[in-house]
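Q: Input file: entry-v4.csv. Contents: CSV, C-alpha atoms.
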chain,number,residue,atom,x,y,z
A,1,MET,CA,-63.9,-206.6,5.6
A,2,LYS,CA,-60.9,-204.5,4.3
A,3,LYS,CA,-60.2,-203.4,7.9
A,4,ILE,CA,-60.1,-206.9,9.1
A,5,TYR,CA,-57.6,-207.9,6.4
A,6,SER,CA,-55.5,-204.9,7.1
A,7,LEU,CA,-55.4,-205.6,10.8
A,8,THR,CA,-54.5,-209.2,10.2
A,9,ILE,CA,-51.7,-208.3,7.8
A,10,LEU,CA,-50.4,-205.7,10.3
A,11,THR,CA,-50.3,-208.3,13.1
A,12,LEU,CA,-48.4,-210.8,10.9
A,13,VAL,CA,-45.9,-208.1,9.9
A,14,LEU,CA,-45.3,-207.1,13.5
A,15,LEU,CA,-44.8,-210.7,14.5
A,16,ALA,CA,-42.4,-211.3,11.6
A,17,CYS,CA,-40.5,-208.2,12.5
A,18,SER,CA,-40.1,-209.1,16.1
A,19,GLY,CA,-39.1,-212.7,15.4
A,20,GLU,CA,-39.5,-213.4,19.0
A,21,LYS,CA,-41.9,-215.7,20.9
A,22,GLU,CA,-43.9,-214.0,23.7
A,23,GLN,CA,-42.7,-215.1,27.1
A,24,SER,CA,-45.1,-216.6,29.7
A,25,VAL,CA,-45.5,-215.2,33.2
A,26,GLU,CA,-43.6,-218.1,34.7
A,27,GLU,CA,-40.7,-217.5,32.3
A,28,LEU,CA,-40.7,-213.7,33.0
A,29,VAL,CA,-40.6,-214.3,36.8
A,30,ALA,CA,-37.6,-216.7,36.3
A,31,THR,CA,-35.6,-214.0,34.5
A,32,ASP,CA,-35.7,-211.5,37.4
A,33,ASN,CA,-36.1,-208.8,34.7
A,34,ALA,CA,-37.9,-206.0,36.6
A,35,GLU,CA,-38.6,-204.0,33.5
A,36,GLY,CA,-40.1,-206.9,31.6
A,37,ILE,CA,-42.2,-208.1,34.5
A,38,GLN,CA,-43.6,-204.6,35.1
A,39,LYS,CA,-44.5,-204.4,31.4
A,40,LYS,CA,-46.3,-207.7,31.4
A,41,LYS,CA,-48.2,-206.7,34.5
A,42,ASP,CA,-49.4,-203.4,32.9
A,43,GLU,CA,-50.6,-205.4,29.9
A,44,LEU,CA,-52.6,-207.8,32.0
A,45,VAL,CA,-54.2,-205.0,34.1
A,46,ASN,CA,-55.3,-203.2,30.9
A,47,GLN,CA,-56.8,-206.5,29.6
A,48,GLN,CA,-58.6,-207.0,33.0
A,49,GLN,CA,-60.1,-203.5,32.8
A,50,ALA,CA,-61.3,-204.0,29.2
A,51,LEU,CA,-62.9,-207.3,30.1
A,52,ALA,CA,-64.7,-205.8,33.1
A,53,VAL,CA,-66.2,-203.1,30.8
A,54,GLN,CA,-67.4,-205.8,28.4
A,55,ILE,CA,-68.9,-207.9,31.1
A,56,LYS,CA,-70.8,-204.9,32.5
A,57,GLN,CA,-72.2,-204.2,29.0
A,58,LEU,CA,-73.3,-207.8,28.6
A,59,ASP,CA,-74.9,-207.9,32.1
A,60,GLU,CA,-76.9,-204.7,31.4
A,61,LYS,CA,-78.2,-206.1,28.1
A,62,LEU,CA,-79.2,-209.4,29.7
A,63,GLN,CA,-81.1,-207.5,32.4
A,64,SER,CA,-83.1,-205.6,29.8
A,65,ILE,CA,-84.0,-208.6,27.6
A,66,SER,CA,-84.4,-211.3,30.4
A,67,PRO,CA,-86.8,-210.3,33.2
A,68,ASP,CA,-86.5,-213.7,34.9
A,69,ARG,CA,-82.8,-213.3,35.4
A,70,ASN,CA,-83.1,-211.9,39.0
A,71,VAL,CA,-85.8,-214.3,40.1
A,72,PRO,CA,-84.4,-216.5,42.9
A,73,LEU,CA,-84.0,-220.2,42.2
A,74,ILE,CA,-85.3,-222.4,45.0
A,75,THR,CA,-86.0,-226.0,45.9
A,76,THR,CA,-89.0,-227.0,48.0
A,77,ILE,CA,-90.3,-229.8,50.2
A,78,MET,CA,-93.8,-231.0,50.6
A,79,VAL,CA,-94.6,-231.5,54.4
A,80,ASN,CA,-96.7,-234.5,55.4
A,81,ASN,CA,-97.8,-236.0,58.6
A,82,GLU,CA,-95.4,-238.6,59.8
A,83,GLU,CA,-94.5,-240.5,63.0
A,84,PHE,CA,-92.0,-238.7,65.2
A,85,LYS,CA,-90.2,-240.3,68.1
A,86,HIS,CA,-88.1,-238.2,70.4
A,87,TYR,CA,-85.3,-239.9,72.4
A,88,LEU,CA,-83.6,-238.7,75.5
A,89,GLU,CA,-79.9,-239.7,75.3
A,90,LEU,CA,-78.1,-240.6,78.5
A,91,GLN,CA,-75.2,-242.7,79.7
A,92,GLY,CA,-75.5,-245.4,82.3
A,93,SER,CA,-73.6,-248.2,84.0
A,94,VAL,CA,-74.4,-251.9,84.2
A,95,GLU,CA,-75.0,-253.3,87.6
A,96,THR,CA,-76.3,-256.4,89.3
A,97,LYS,CA,-78.0,-256.9,92.6
A,98,GLN,CA,-76.2,-260.2,92.9
A,99,ASN,CA,-72.6,-259.1,93.0
A,100,ILE,CA,-71.1,-259.5,96.5
A,101,VAL,CA,-67.9,-260.2,98.4
A,102,VAL,CA,-68.6,-263.1,100.7
A,103,THR,CA,-67.5,-262.6,104.4
A,104,PRO,CA,-67.8,-265.0,107.3
A,105,GLU,CA,-70.4,-264.5,110.1
A,106,THR,CA,-67.9,-265.8,112.7
A,107,GLY,CA,-64.2,-265.6,113.4
A,108,GLY,CA,-61.6,-268.3,113.3
A,109,ILE,CA,-59.0,-270.0,111.2
A,110,ILE,CA,-60.1,-270.9,107.6
A,111,THR,CA,-59.8,-274.7,107.6
A,112,ARG,CA,-60.7,-275.3,104.0
A,113,ILE,CA,-61.9,-273.5,100.8
A,114,TYR,CA,-64.0,-275.7,98.5
A,115,VAL,CA,-64.3,-273.6,95.4
A,116,LYS,CA,-62.0,-272.0,92.8
A,117,GLU,CA,-62.2,-269.0,90.5
A,118,GLY,CA,-64.6,-269.4,87.6
A,119,GLN,CA,-66.5,-272.2,89.3
A,120,LYS,CA,-70.3,-272.2,89.0
A,121,VAL,CA,-72.0,-272.7,92.4
A,122,SER,CA,-75.6,-273.2,93.5
A,123,ARG,CA,-77.5,-271.5,96.2
A,124,GLY,CA,-76.6,-273.0,99.6
A,125,GLN,CA,-73.5,-274.8,98.3
A,126,LEU,CA,-70.6,-275.0,100.8
A,127,LEU,CA,-67.9,-272.5,99.9
A,128,ALA,CA,-65.5,-272.6,102.9
A,129,SER,CA,-65.2,-273.9,106.5
A,130,ILE,CA,-63.9,-272.0,109.6
A,131,ASP,CA,-62.6,-273.7,112.7
A,132,ASP,CA,-65.4,-273.8,115.4
A,133,GLY,CA,-63.0,-273.1,118.3
A,134,GLY,CA,-64.2,-276.1,120.4
A,135,LEU,CA,-67.9,-275.7,119.9
A,136,SER,CA,-68.2,-279.3,118.6
A,137,GLN,CA,-66.8,-280.6,121.9
A,138,GLN,CA,-69.2,-278.4,123.8
A,139,LYS,CA,-72.1,-279.8,121.8
A,140,ALA,CA,-71.0,-283.4,122.4
A,141,GLN,CA,-70.9,-282.8,126.2
A,142,LEU,CA,-74.4,-281.2,126.1
A,143,GLU,CA,-75.7,-284.1,124.0
A,144,ILE,CA,-74.5,-286.6,126.7
A,145,GLN,CA,-76.2,-284.4,129.4
A,146,ALA,CA,-79.3,-284.2,127.3
A,147,ASP,CA,-79.5,-287.9,126.9
A,148,LEU,CA,-79.4,-288.4,130.7
A,149,ALA,CA,-81.9,-285.5,131.2
A,150,LYS,CA,-84.2,-287.1,128.7
A,151,THR,CA,-84.1,-290.5,130.5
A,152,THR,CA,-84.7,-288.8,133.8
A,153,TYR,CA,-87.6,-286.7,132.4
A,154,GLU,CA,-89.3,-289.7,130.8
A,155,ARG,CA,-89.1,-291.8,134.1
A,156,GLN,CA,-90.4,-288.9,136.2
A,157,LYS,CA,-93.2,-288.4,133.7
A,158,ARG,CA,-94.2,-292.1,133.9
A,159,LEU,CA,-94.2,-291.9,137.7
A,160,TRP,CA,-96.2,-288.6,137.7
A,161,ASP,CA,-98.7,-290.1,135.3
A,162,GLN,CA,-99.3,-292.8,137.9
A,163,LYS,CA,-99.5,-290.1,140.7
A,164,ILE,CA,-96.2,-291.4,142.2
A,165,GLY,CA,-93.6,-288.9,143.3
A,166,SER,CA,-93.8,-285.1,143.6
A,167,GLU,CA,-94.9,-282.7,140.9
A,168,ILE,CA,-91.8,-280.5,141.5
A,169,GLN,CA,-89.5,-283.4,140.7
A,170,TYR,CA,-91.3,-283.9,137.4
A,171,LEU,CA,-91.2,-280.2,136.5
A,172,GLN,CA,-87.5,-280.0,137.4
A,173,SER,CA,-86.6,-282.9,135.1
A,174,LYS,CA,-88.7,-281.5,132.3
A,175,SER,CA,-87.1,-278.0,132.7
A,176,GLN,CA,-83.5,-279.4,132.7
A,177,TYR,CA,-84.2,-281.5,129.6
A,178,GLU,CA,-85.7,-278.7,127.6
A,179,SER,CA,-82.9,-276.3,128.7
A,180,LEU,CA,-80.2,-278.7,127.4
A,181,GLN,CA,-82.2,-279.1,124.1
A,182,LYS,CA,-82.2,-275.3,123.6
A,183,GLY,CA,-78.5,-275.2,124.4
A,184,ILE,CA,-77.8,-277.8,121.7
A,185,ALA,CA,-79.9,-275.9,119.2
A,186,GLN,CA,-78.0,-272.7,120.0
A,187,ILE,CA,-74.7,-274.4,119.5
A,188,ASN,CA,-75.9,-275.9,116.2
A,189,GLN,CA,-76.9,-272.4,115.0
A,190,GLN,CA,-73.4,-271.1,115.9
A,191,LEU,CA,-71.7,-274.1,114.2
A,192,SER,CA,-73.7,-273.4,111.0
A,193,LYS,CA,-72.0,-270.0,110.8
A,194,ASN,CA,-68.7,-271.8,110.5
A,195,SER,CA,-69.8,-273.2,107.2
A,196,VAL,CA,-69.8,-270.4,104.6
A,197,ARG,CA,-72.5,-271.1,102.0
A,198,ALA,CA,-73.5,-269.4,98.7
A,199,PRO,CA,-76.4,-267.0,99.3
A,200,PHE,CA,-77.4,-267.3,95.6
A,201,SER,CA,-76.4,-269.2,92.5
A,202,GLY,CA,-73.6,-267.7,90.4
A,203,VAL,CA,-69.9,-267.8,89.5
A,204,ILE,CA,-66.9,-267.5,91.8
A,205,ASP,CA,-65.2,-264.5,90.2
A,206,ASP,CA,-62.3,-264.2,92.6
A,207,VAL,CA,-61.0,-266.2,95.6
A,208,ILE,CA,-59.5,-263.5,97.8
A,209,THR,CA,-58.2,-265.4,100.9
A,210,GLU,CA,-56.3,-268.7,101.5
A,211,GLN,CA,-56.7,-271.7,103.7
A,212,GLY,CA,-55.1,-271.2,107.1
A,213,ASN,CA,-55.7,-267.5,107.3
A,214,VAL,CA,-57.6,-266.1,110.3
A,215,ALA,CA,-61.0,-264.7,109.4
A,216,ALA,CA,-62.7,-261.9,111.3
A,217,PRO,CA,-66.6,-261.8,111.3
A,218,GLY,CA,-68.0,-259.4,108.7
A,219,GLN,CA,-64.5,-258.1,107.7
A,220,THR,CA,-62.3,-260.7,106.1
A,221,GLN,CA,-63.1,-261.0,102.4
A,222,LEU,CA,-63.2,-264.6,101.3
A,223,MET,CA,-64.4,-264.5,97.7
A,224,ARG,CA,-66.5,-262.6,95.2
A,225,LEU,CA,-69.7,-264.2,94.0
A,226,VAL,CA,-71.4,-262.8,90.8
A,227,ASN,CA,-74.6,-263.7,89.1
A,228,LEU,CA,-74.8,-262.3,85.5
A,229,SER,CA,-78.3,-263.5,84.7
A,230,ASP,CA,-80.1,-260.6,86.5
A,231,MET,CA,-78.4,-257.5,85.1
A,232,TYR,CA,-79.7,-254.0,84.8
A,233,ILE,CA,-78.5,-250.5,83.8
A,234,LYS,CA,-78.8,-247.6,86.3
A,235,THR,CA,-78.8,-244.0,85.2
A,236,ASP,CA,-79.8,-240.6,86.5
A,237,VAL,CA,-82.6,-238.7,84.6
A,238,PRO,CA,-83.2,-235.0,85.0
A,239,GLU,CA,-86.3,-234.1,87.0
A,240,SER,CA,-87.9,-232.3,84.1
A,241,TYR,CA,-88.6,-235.7,82.5
A,242,ILE,CA,-90.4,-237.1,85.6
A,243,THR,CA,-93.8,-237.1,83.8
A,244,SER,CA,-92.5,-238.6,80.5
A,245,ILE,CA,-90.0,-241.2,81.7
A,246,LYS,CA,-92.1,-244.1,83.2
A,247,GLU,CA,-92.0,-247.8,83.7
A,248,GLY,CA,-92.4,-249.7,80.4
A,249,LYS,CA,-90.9,-247.1,78.2
A,250,THR,CA,-88.8,-248.4,75.3
A,251,VAL,CA,-85.0,-248.0,75.6
A,252,GLU,CA,-82.4,-248.5,72.9
A,253,VAL,CA,-79.2,-249.6,74.6
A,254,GLU,CA,-75.7,-249.5,73.0
A,255,PHE,CA,-72.5,-251.0,74.5
A,256,PRO,CA,-69.7,-249.3,72.7
A,257,VAL,CA,-67.0,-251.6,74.0
A,258,LEU,CA,-68.8,-254.7,72.9
A,259,GLY,CA,-70.1,-253.2,69.6
A,260,LYS,CA,-73.5,-254.5,70.7
A,261,SER,CA,-77.0,-253.0,70.8
A,262,ILE,CA,-80.2,-254.3,72.3
A,263,THR,CA,-83.7,-253.0,72.9
A,264,SER,CA,-85.1,-253.1,76.4
A,265,GLU,CA,-87.5,-251.2,78.7
A,266,ILE,CA,-87.6,-249.3,81.9
A,267,ARG,CA,-88.4,-251.7,84.8
A,268,GLN,CA,-88.3,-249.2,87.7
A,269,THR,CA,-88.2,-245.5,88.3
A,270,GLY,CA,-87.1,-243.8,91.5
A,271,ASN,CA,-89.4,-242.0,93.8
A,272,PHE,CA,-86.8,-239.7,95.2
A,273,ILE,CA,-85.3,-236.5,93.6
A,274,ASN,CA,-81.6,-236.1,94.5
A,275,PRO,CA,-81.3,-232.6,95.8
A,276,ALA,CA,-77.6,-232.4,94.8
A,277,ASN,CA,-78.2,-232.8,91.0
A,278,ARG,CA,-82.0,-232.7,90.7
A,279,THR,CA,-82.2,-236.2,89.1
A,280,PHE,CA,-84.0,-239.5,89.8
A,281,ASP,CA,-82.9,-243.1,89.3
A,282,VAL,CA,-84.0,-245.3,86.5
A,283,GLU,CA,-83.4,-249.0,86.2
A,284,ILE,CA,-83.4,-250.7,82.8
A,285,ALA,CA,-83.5,-254.5,82.5
A,286,VAL,CA,-80.7,-256.1,80.5
A,287,PRO,CA,-81.0,-259.6,79.1
A,288,ASN,CA,-77.7,-261.4,79.3
A,289,LYS,CA,-78.1,-264.9,78.0
A,290,ASP,CA,-74.5,-265.1,76.5
A,291,ARG,CA,-73.0,-263.6,79.7
A,292,SER,CA,-71.1,-261.0,77.6
A,293,ILE,CA,-72.3,-258.0,79.6
A,294,LYS,CA,-70.4,-257.4,82.8
A,295,PRO,CA,-71.0,-255.2,85.9
A,296,ASN,CA,-69.8,-251.6,85.6
A,297,LEU,CA,-69.8,-251.7,81.8
A,298,THR,CA,-70.7,-248.3,80.2
A,299,ALA,CA,-73.9,-248.1,78.1
A,300,ARG,CA,-75.4,-245.4,76.0
A,301,LEU,CA,-79.1,-245.1,76.3
A,302,LYS,CA,-81.8,-243.6,74.1
A,303,ILE,CA,-85.1,-243.5,76.0
A,304,ASN,CA,-88.3,-242.8,74.0
A,305,ASP,CA,-89.9,-239.9,76.0
A,306,TYR,CA,-92.2,-238.5,73.3
A,307,THR,CA,-94.1,-239.9,70.4
A,308,ASN,CA,-96.4,-238.2,67.8
A,309,ASP,CA,-98.0,-240.3,65.1
A,310,LYS,CA,-99.0,-237.3,63.0
A,311,ALA,CA,-96.2,-234.8,63.3
A,312,ILE,CA,-95.0,-232.2,60.8
A,313,LEU,CA,-91.2,-232.3,60.6
A,314,ILE,CA,-88.9,-229.9,58.7
A,315,PRO,CA,-85.1,-229.4,58.5
A,316,GLN,CA,-83.9,-227.0,61.2
A,317,SER,CA,-81.6,-225.3,58.6
A,318,ILE,CA,-84.6,-223.6,56.7
A,319,ILE,CA,-85.9,-221.8,59.8
A,320,SER,CA,-85.2,-218.1,60.2
A,321,GLU,CA,-85.9,-215.7,63.1
A,322,ASN,CA,-87.2,-212.1,62.9
A,323,ALA,CA,-86.5,-209.1,65.1
A,324,ASP,CA,-89.2,-210.1,67.5
A,325,GLY,CA,-87.7,-213.5,68.1
A,326,GLN,CA,-90.4,-215.3,66.1
A,327,GLN,CA,-89.4,-218.3,63.9
A,328,TYR,CA,-90.6,-218.4,60.3
A,329,VAL,CA,-90.3,-220.2,57.0
A,330,TYR,CA,-91.4,-219.4,53.5
A,331,VAL,CA,-94.2,-221.4,51.8
A,332,LEU,CA,-95.4,-221.1,48.2
A,333,SER,CA,-98.6,-219.5,47.1
A,334,ASP,CA,-100.1,-218.6,43.7
A,335,LYS,CA,-98.1,-221.4,42.1
A,336,LYS,CA,-98.1,-221.4,38.2
A,337,GLU,CA,-96.0,-224.0,36.6
A,338,ASP,CA,-92.4,-223.4,37.9
A,339,LYS,CA,-93.2,-219.9,39.3
A,340,ALA,CA,-94.8,-219.0,42.6
A,341,THR,CA,-94.9,-216.3,45.3
A,342,ALA,CA,-92.9,-216.7,48.5
A,343,LYS,CA,-95.1,-216.2,51.6
A,344,GLN,CA,-93.6,-215.8,55.1
A,345,VAL,CA,-95.3,-217.9,57.8
A,346,VAL,CA,-94.6,-217.7,61.5
A,347,ILE,CA,-94.3,-221.1,63.1
A,348,LYS,CA,-94.0,-222.6,66.6
A,349,THR,CA,-91.6,-225.5,67.0
A,350,GLY,CA,-91.2,-228.3,69.5
A,351,ARG,CA,-88.7,-231.1,70.0
A,352,THR,CA,-85.8,-231.8,67.7
A,353,GLN,CA,-84.2,-235.1,66.6
A,354,GLY,CA,-81.1,-235.0,64.5
A,355,ASP,CA,-81.4,-232.3,61.9
A,356,LYS,CA,-85.2,-232.2,62.0
A,357,ILE,CA,-87.6,-230.3,64.2
A,358,GLU,CA,-91.3,-230.7,64.9
A,359,VAL,CA,-93.6,-227.9,63.9
A,360,LEU,CA,-96.4,-227.5,66.4
A,361,SER,CA,-98.3,-224.7,64.6
A,362,GLY,CA,-98.1,-222.5,61.5
A,363,LEU,CA,-97.8,-225.3,58.9
A,364,GLU,CA,-100.4,-227.7,57.6
A,365,GLU,CA,-100.1,-231.0,55.8
A,366,ASN,CA,-99.3,-230.7,52.1
A,367,ALA,CA,-97.8,-227.2,52.5
A,368,GLU,CA,-94.9,-226.6,50.1
A,369,VAL,CA,-92.0,-225.0,52.0
A,370,ILE,CA,-88.9,-223.4,50.5
A,371,ARG,CA,-85.8,-225.3,51.4
A,372,GLU,CA,-82.7,-224.3,49.4
A,373,GLY,CA,-82.6,-220.6,48.7
A,374,ALA,CA,-84.8,-219.6,51.6
A,375,ARG,CA,-82.2,-217.2,53.0
A,376,SER,CA,-82.2,-215.1,49.8
A,377,VAL,CA,-86.0,-214.9,49.5
A,378,LYS,CA,-88.2,-212.0,50.6
A,379,ASN,CA,-91.8,-212.0,51.5
A,380,GLY,CA,-94.1,-211.6,48.5
A,381,GLN,CA,-91.2,-212.2,46.0
A,382,THR,CA,-91.6,-214.3,42.9
A,383,VAL,CA,-89.4,-217.4,42.9
A,384,LYS,CA,-88.6,-220.1,40.4
A,385,ILE,CA,-88.8,-223.8,41.5
A,386,ILE,CA,-86.0,-226.0,40.2
A,387,SER,CA,-86.9,-229.1,42.2
A,388,SER,CA,-89.5,-230.3,44.8
A,389,ASN,CA,-89.2,-233.2,47.2
A,390,ASN,CA,-91.2,-234.9,50.0
A,391,SER,CA,-90.1,-233.8,53.5
A,392,ASN,CA,-89.1,-237.4,54.3
A,393,ALA,CA,-86.6,-237.4,51.5
Before anything else, please render the file you have as structure tokens.
A:
Amino acid sequence: MKKIYSLTILTLVLLACSGEKEQSVEELVATDNAEGIQKKKDELVNQQQALAVQIKQLDEKLQSISPDRNVPLITTIMVNNEEFKHYLELQGSVETKQNIVVTPETGGIITRIYVKEGQKVSRGQLLASIDDGGLSQQKAQLEIQADLAKTTYERQKRLWDQKIGSEIQYLQSKSQYESLQKGIAQINQQLSKNSVRAPFSGVIDDVITEQGNVAAPGQTQLMRLVNLSDMYIKTDVPESYITSIKEGKTVEVEFPVLGKSITSEIRQTGNFINPANRTFDVEIAVPNKDRSIKPNLTARLKINDYTNDKAILIPQSIISENADGQQYVYVLSDKKEDKATAKQVVIKTGRTQGDKIEVLSGLEENAEVIREGARSVKNGQTVKIISSNNSNA
């Protein structure tokens, strides 16, 4: 006690004698006083060394009186059977089988266009007319000749029925009449091509040409006709999925541009493997009641290619690999209160989804697996459990 009092008195005397306040590190640095800075540095280094010695002494003492000090602290998860759905993620493009550019079947001057952009039309509705180039006049002439041929044929038939006249006259009149009828029918067929009609119901998306232009058969683009009710998404699927991607499989479809998602299913799978990229085509039906989905729109697809109703899933982060390339995790054994023994278990894994992976063998339901702290654990080591959760958490 006397030593403490003496030391305190000595310290007070020294402080009183100096009469100076100790400068901080920041204040010393600002002075640019090399001698003062070096002196302060030496003091701090001596203090650091003294503290290191004291910490070492405390650490050695703790190690001798606290045997649990070096026991690893871990958290665990309890694995259970749960439903696991694996999704193949692809990108596709929206298409429609009813999206065409209408072209004429015959050539000539466009005499009239009956529709405008944005107009809804029905199948068979008249869209445009093309000059017939005199076919109407030819038809009129043939009709006059046909009327005369019909009269001649009917008279010859009546006479022949009465056994009057020759058979050859009757047959000639019949042949001429039938020939003229076929000629008229042929002209009617040609004239029908001068009337451009809608092949299906839809909307006129664009009128490309104008009245008075000359149209060439099969070449001149008149207008674009689109039907948005029968839409589908087309994508290429790698051939390795040919046994798992089939008609009727559920597909989650996302349209990033629209901020819209729908659930659909595969309506058709291709029967041909493209030798260039080893893929096959898949079509996915797209309901489009509000007409917001347009052709060539990009879509993100998640196709359910694998489902297991009783799967064991664990986080991928807790899996380690040994020198033989085997994957393993640590499970608990000989558990007593918050202490247990870590046991290394080799596992076989399957598909992944997000941060989880399916365990095919090596783990059973209700096994308690080390999660946090698994990297610092050794086989057979005693561990201390600080928390335990379900694998779904």
Q: Could you tell me, as a PyMOL selection string, which residues have any atom at most 10 Å from (-86.9, -238.4, 87.8), counting only C-alpha atoms?
A: chain A and resi 236-246+269-274+278-282
Q: Using all atoms listed in the file, which of the listed residues (A:Ala149, A:Val45, A:Val196, A:Val53) sits closest to A:Glu105?
A: A:Val196
Q: Contacts of A:Ser175 at 10 Å or less, counting only C-alpha atoms, minus same-chain residues fewer than 5 places along, as JSON, numbers by chain?
A: {"A": [149, 153, 169, 170, 180, 181]}
Q: List as a ChimeraX atom specification the protein and nucleic acid residues near A:Thr75, meaning an atom at most 12 Å away when only C-alpha atoms are counted, but skip any in the same chain fewer than 2 places from it.
A: /A:72-73,77-78,318,330-332,338-340,342,368-375,377,383-391
Q: Write out as a compact mmCIF listing (two decimals) with C-alpha atoms, keeping the file's coordinate frame the residues lying within 8 Å of stretch 99-104 of chain A, counting only C-alpha atoms and excluding same-chain residues fewer than 4 positions away.
A:
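As a result, selection03.txt now contains:
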# COMPACT_ATOMS: atom_id res chain seq x y z
CA LYS A 193 -72.00 -270.00 110.80
CA ASN A 194 -68.70 -271.80 110.50
CA VAL A 196 -69.80 -270.40 104.60
CA ALA A 215 -61.00 -264.70 109.40
CA ALA A 216 -62.70 -261.90 111.30
CA PRO A 217 -66.60 -261.80 111.30
CA GLY A 218 -68.00 -259.40 108.70
CA GLN A 219 -64.50 -258.10 107.70
CA THR A 220 -62.30 -260.70 106.10
CA GLN A 221 -63.10 -261.00 102.40
CA LEU A 222 -63.20 -264.60 101.30
CA MET A 223 -64.40 -264.50 97.70
CA ARG A 224 -66.50 -262.60 95.20
CA LEU A 225 -69.70 -264.20 94.00
CA VAL A 226 -71.40 -262.80 90.80
CA ASN A 227 -74.60 -263.70 89.10
Q: State, in Å with one decimal place, the distance from atom CA of A:Lys356 to atom CA of A:Asp305.
A: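 Value for the atom CA of A:Lys356-atom CA of A:Asp305 distance: 16.7 Å.
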Q: Kindly indicate which residue among A:Thr151, A:Gln98, A:Gln190, A:Ser376 lies nearest to A:Val71, using only C-alpha atoms for the distances.
A: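 Comparing A:Thr151, A:Gln98, A:Gln190, A:Ser376 against A:Val71, the winner is A:Ser376.
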Q: Provide the atom CA of A:Thr307 to atom CA of A:Gly325 distance in Å, to one decimal place.
A: 27.3 Å
Q: Report, in Å with one decimal, the straight-line distance from atom CA of A:Arg267 to atom CA of A:Ser292.
A: 20.9 Å
Q: Would you kindly return, as a list in words, each protein, DNA or RNA residue with an atom no farther than 12 Å from any atom of A:Gly124, considering all atoms listed in the file and excluding same-chain residues fewer than 2 positions away?
A: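 Counting only the stated atoms, we get Val121, Ser122, Leu126, Leu127, Ala128, Ser192, Ser195, Val196, Arg197, Ala198, Pro199, Phe200, Ser201 and Gly202 of chain A.
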Q: Which one is closest to A:Ile266: A:Ser361, A:Asn33, A:Asn304, A:Gln49? Count only C-alpha atoms.
A: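 Ranked by minimum distance to A:Ile266, first place goes to A:Asn304.
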Q: In terms of the shortest atom-to-atom distance over all atoms listed in the file, which of A:Leu297, A:Ile284, A:Ala52, A:Val94 is closest to A:Pro256?
A: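 Going through A:Leu297, A:Ile284, A:Ala52, A:Val94 one by one, the smallest distance to A:Pro256 is for A:Leu297.
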Q: Applying 10 Å and only C-alpha atoms, which residues near stretch 83-87 of chain A remain after dropping the ones on its own chain fewer than 6 positions away? List them as a list of chain:residue names.
A: A:Thr250, A:Val251, A:Glu252, A:Leu301, A:Lys302, A:Ile303, A:Asn304, A:Asp305, A:Tyr306, A:Thr307, A:Asn308, A:Asp309, A:Lys310, A:Ala311, A:Ile312, A:Leu313, A:Arg351, A:Thr352, A:Gln353, A:Gly354, A:Lys356, A:Ile357, A:Glu358
Q: Could you please give me, as a list in words, the residues of protein, DNA or RNA lying at most 9 Å from (-70.3, -253.5, 85.2) in the coordinate frame of the file, considering all atoms listed in the file?
A: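 Checking each residue against the 9 Å limit leaves Ser93, Val94, Glu95, Thr96, Ile233, Ile293, Lys294, Pro295, Asn296, Leu297 and Thr298 of chain A.
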Q: Looking at all atoms listed in the file, which of A:Lys139, A:Leu90, A:Gln125, A:Leu228 is the one that sits closest to A:Asp290?
A: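 Smallest separation from A:Asp290 among the options: A:Leu228.
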Q: I'd like to know which of A:Ser173, A:Gln189, A:Leu44, A:Ser129 is closest to A:Arg155, using all atoms listed in the file.
A: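 Smallest distance to A:Arg155 is found for A:Ser173.
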